[in-house]
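First the structure, in the form of structure tokens, and then the observations on it.
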2 protein chains.
Amino acid sequence: MNKKFKIIVEYDGSAYHGWQRQKTDPSVQEAIETALATITGTRLTLTGSGRTDAGVHALGQAAHFSCDTRMKAGELHKGLNSLLPEDIVIRDCRQVPESFHARFDVRRKTYQYRILNRPLPAAIGRQYLWQIRRPLDADAMSRGLAYIVGTHDFKAFEGTGSPRAHTEREIFRAEIEKEPEGVLAINIEGNGFLRFMVRNIVGTLVDVGTGKRMPEDIQRILASKDRSRAGATAPPQGLFLVRVDYE
Amino acid sequence: MNKKFKIIVEYDGSAYHGWQRQKTDPSVQEAIETALATITGTRLTLTGSGRTDAGVHALGQAAHFSCDTRMKAGELHKGLNSLLPEDIVIRDCRQVPESFHARFDVRRKTYQYRILNRPLPAAIGRQYLWQIRRPLDADAMSRGLAYIVGTHDFKAFEGTGSPRAHTEREIFRAEIEKEPEGVLAINIEGNGFLRFMVRNIVGTLVDVGTGKRMPEDIQRILASKDRSRAGATAPPQGLFLVRVDYE
């Protein structure tokens with residue numbers, strides 16, 4: 001009997017060339033597809049809510065697959081976690097209606113970018129942070145970040161070489177949280193994200209934090225739709241896809 | 001001019017065969033000694049507050065070294081952090097009196113052992129946790145843990161094949177903290193620790209948490225001075241040497 005399943009996936013992206021299956025490099029999608037093939041005896045295709053780039057982590061990536069099986073979601077869940085490597089964990093697995101689509105039905109994605117803002121690097125947890133030694137003005141960064149909330153054309157913050165049908169996206173929430181030990185957590189929720197969009201926004205925001213740019217520059221860069229106006233792309237290891245919400 | 005320096009070291013022990021220099025395997029001590037040799041041009045010996053075992057982490061290991069140098073502590077500090085691999089960070093470096101000794105002068109060591117108590121493993125941060133799937137009774141564990149506070153002969157919790165002159169140690173504080181997401185942090189402070197002592201206490205305490213043993217068994221095991229009465233050794237990756245205090 002053909003069934004459709006939705007899974008929620010946590011992964012440490014350090015060892016992977018991103019979510020998406022590659023010709024040779026290891027990917028999270030391929031690791032899960034390989035485990036599914038072992039369990040079900042057939043080669044299945046996993047459809048994610050979208051890609052995550054090489055080195056980016058996830059606490060709650062979502063994906064679906066269809067499968068002609070008598071197995072229940074709970075059995076698949078256990079089987080997957082027993083076969084997957086330690087850096088990939090299936091947090092949830094449930095049967096969904098045939099109409100569900102992990103990419104097309106996304107209503108909201110939540111990302112978090114973690115900056116360690118202090119002169120001293122961290123040995124413990126360094127895989128999950130971007131260290132900025134110079135002191136950052138978190139208030140200026142917050143003011144700059146506020147300009148991305150709402151519906152905008154994010155072309156200026158899109159990675160080069162990744163043209164999309166349209167580059168308008170809606171951001172529902174964008175906030176900076178100060179955590180202990182000099183960690184700044186930048187939380188961004190939106191209906192969708194362009195390639196490198198969060199990392200390009202964070203890279204530009206760090207320029208605001210160091211005083212190289214003004215908070216209002218974020219607005220000007222957005223309006224310019226010109227990638228060359230924005231700052232550098234923040235490195236992948238600070239970025240987490242926290243959750244994906246559907247209807 | 002001969003000077004003595006004290007350093008505070010944070011390290012991710014995952015890639016190391018412990019603190020202590022080994023014939024072939026990489027160690028934290030050797031990595032720092034190699035960096036010191038590059039900076040000072042001479043081969044120095046680093047004296048730690050004590051060993052940490054393979055795979056154990058530190059937030060605040062302490063060590064000293066003597067060196068005939070004109071360099072100031074701040075220069076050595078910067079030089080070390082620029083040469084050391086990412087998983088070792090010198091948190092502090094200062095000149096100390098010739099009489100200071102990183103091992104003999106220890107007054108207190110603080111360890112933390114981190115357990116993830118939930119059915120679902122973690123992909124993010126799994127390097128820093130011991131996962132126990134069965135639910136643990138943290139209150140029973142706390143009652144058991146209380147028996148180690150005070151001065152006791154900890155022979156029953158010492159690793160085999162590591163005889164010491166005497167096996168009496170004083171524990172000043174021992175507490176379990178409940179953190180979000182099912183993490184139990186076991187904090188133990190004492191004037192010194194035998195080899196595997198914290199990990200053997202934690203392994204036994206987990207038996208109390210699952211109901212396999214009673215809290216009072218900790219007292220009986222202590223009194224027996226018999227290693228075979230205690231539980232299994234908890235794995236290294238959950239253990240952190242948090243800090244070392246001197247006079």
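Residues are referred to by chain and number: the chain letter is A, B, ... according to the order shown in the structure tokens, the number counts from 1 in that chain, and ligands are numbered separately from 1 in the order shown.
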
Within 8 Å of chain A, which residues of chain B come that close, and what is the closest atom pair and distance in Å for each? Count only C-alpha atoms and give it as CSV.
```
residue,atom,partner,partner_atom,distance
B:Glu10,CA,A:Ala123,CA,6.2
B:Tyr11,CA,A:Ala123,CA,5.3
B:Asp12,CA,A:Ile124,CA,5.4
B:Leu59,CA,A:Ile124,CA,7.7
B:Glu86,CA,A:Ala123,CA,6.2
B:Asp87,CA,A:Ala123,CA,4.5
B:Ile88,CA,A:Ala123,CA,5.6
B:Val89,CA,A:Ala123,CA,5.8
B:Arg91,CA,A:Leu120,CA,7.0
B:Leu120,CA,A:Arg91,CA,6.9
B:Pro121,CA,A:Val89,CA,6.7
B:Ala122,CA,A:Val89,CA,6.6
B:Ala123,CA,A:Asp87,CA,4.5
B:Ile124,CA,A:Asp12,CA,5.4
B:Gly125,CA,A:Gly125,CA,7.3
B:Arg126,CA,A:Glu86,CA,7.8
```

Residues of range 116-237 of chain B classed as alpha helix (DSSP H) by DSSP on the backbone are to be reported as JSON, numbers by chain. {"B": [138, 139, 140, 141, 142, 143, 144, 145, 146, 197, 198, 199, 200, 201, 202, 203, 204, 205, 206, 207, 208, 209, 210, 217, 218, 219, 220, 221, 222, 223, 224]}

Residues just named, written with C-alpha atoms as a JSON list (two decimals), in the first residue's frame:
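The new file result30.json reads:
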```json
[["chain", "number", "residue", "atom", "x", "y", "z"],
["B", 138, "ALA", "CA", 16.95, 12.53, 39.11],
["B", 139, "ASP", "CA", 15.76, 12.79, 42.72],
["B", 140, "ALA", "CA", 16.99, 9.31, 43.57],
["B", 141, "MET", "CA", 20.28, 10.15, 41.83],
["B", 142, "SER", "CA", 20.58, 13.34, 43.91],
["B", 143, "ARG", "CA", 20.04, 11.38, 47.13],
["B", 144, "GLY", "CA", 22.68, 8.85, 46.07],
["B", 145, "LEU", "CA", 25.10, 11.55, 45.04],
["B", 146, "ALA", "CA", 24.81, 13.25, 48.45],
["B", 197, "MET", "CA", 36.49, 8.54, 39.74],
["B", 198, "VAL", "CA", 33.86, 10.93, 38.33],
["B", 199, "ARG", "CA", 32.97, 8.59, 35.47],
["B", 200, "ASN", "CA", 32.67, 5.61, 37.86],
["B", 201, "ILE", "CA", 30.45, 7.62, 40.21],
["B", 202, "VAL", "CA", 28.28, 8.73, 37.27],
["B", 203, "GLY", "CA", 28.01, 5.17, 35.92],
["B", 204, "THR", "CA", 26.87, 3.94, 39.34],
["B", 205, "LEU", "CA", 24.51, 6.88, 39.75],
["B", 206, "VAL", "CA", 22.80, 6.03, 36.45],
["B", 207, "ASP", "CA", 22.05, 2.59, 37.94],
["B", 208, "VAL", "CA", 20.38, 4.46, 40.80],
["B", 209, "GLY", "CA", 18.46, 6.56, 38.28],
["B", 210, "THR", "CA", 17.10, 3.50, 36.47],
["B", 217, "ASP", "CA", 23.97, 1.68, 47.70],
["B", 218, "ILE", "CA", 26.40, 4.53, 46.99],
["B", 219, "GLN", "CA", 27.25, 4.60, 50.69],
["B", 220, "ARG", "CA", 27.67, 0.79, 50.83],
["B", 221, "ILE", "CA", 29.88, 0.78, 47.73],
["B", 222, "LEU", "CA", 32.07, 3.55, 49.21],
["B", 223, "ALA", "CA", 32.41, 1.59, 52.44],
["B", 224, "SER", "CA", 33.30, -1.63, 50.60]]
```

Non-local contacts of Arg70 in chain B (9 Å; only C-alpha atoms; under 4 positions in same chain excluded) as a short mmCIF file (atom, residue, chain, number, x, y, z; two decimals) with N, CA, C and O atoms, in the first residue's frame:
```cif
data_model
loop_
_atom_site.label_atom_id
_atom_site.label_comp_id
_atom_site.auth_asym_id
_atom_site.auth_seq_id
_atom_site.Cartn_x
_atom_site.Cartn_y
_atom_site.Cartn_z
N MET B 1 65.84 35.77 31.13
CA MET B 1 65.36 35.73 32.51
C MET B 1 64.35 34.61 32.68
O MET B 1 63.41 34.50 31.90
N ASN B 2 64.55 33.78 33.68
CA ASN B 2 63.63 32.67 33.85
C ASN B 2 62.31 33.13 34.50
O ASN B 2 62.31 33.80 35.52
N LYS B 3 61.21 32.76 33.85
CA LYS B 3 59.89 33.16 34.34
C LYS B 3 59.00 31.92 34.40
O LYS B 3 59.17 30.99 33.62
#
```

May I ask which of the residues A:Leu84, A:Ala15, A:Ala35, A:Ala63 is the closest one to Asp105 in chain A, counting only C-alpha atoms?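 Of all the options, A:Ala63 lies closest to Asp105 in chain A.
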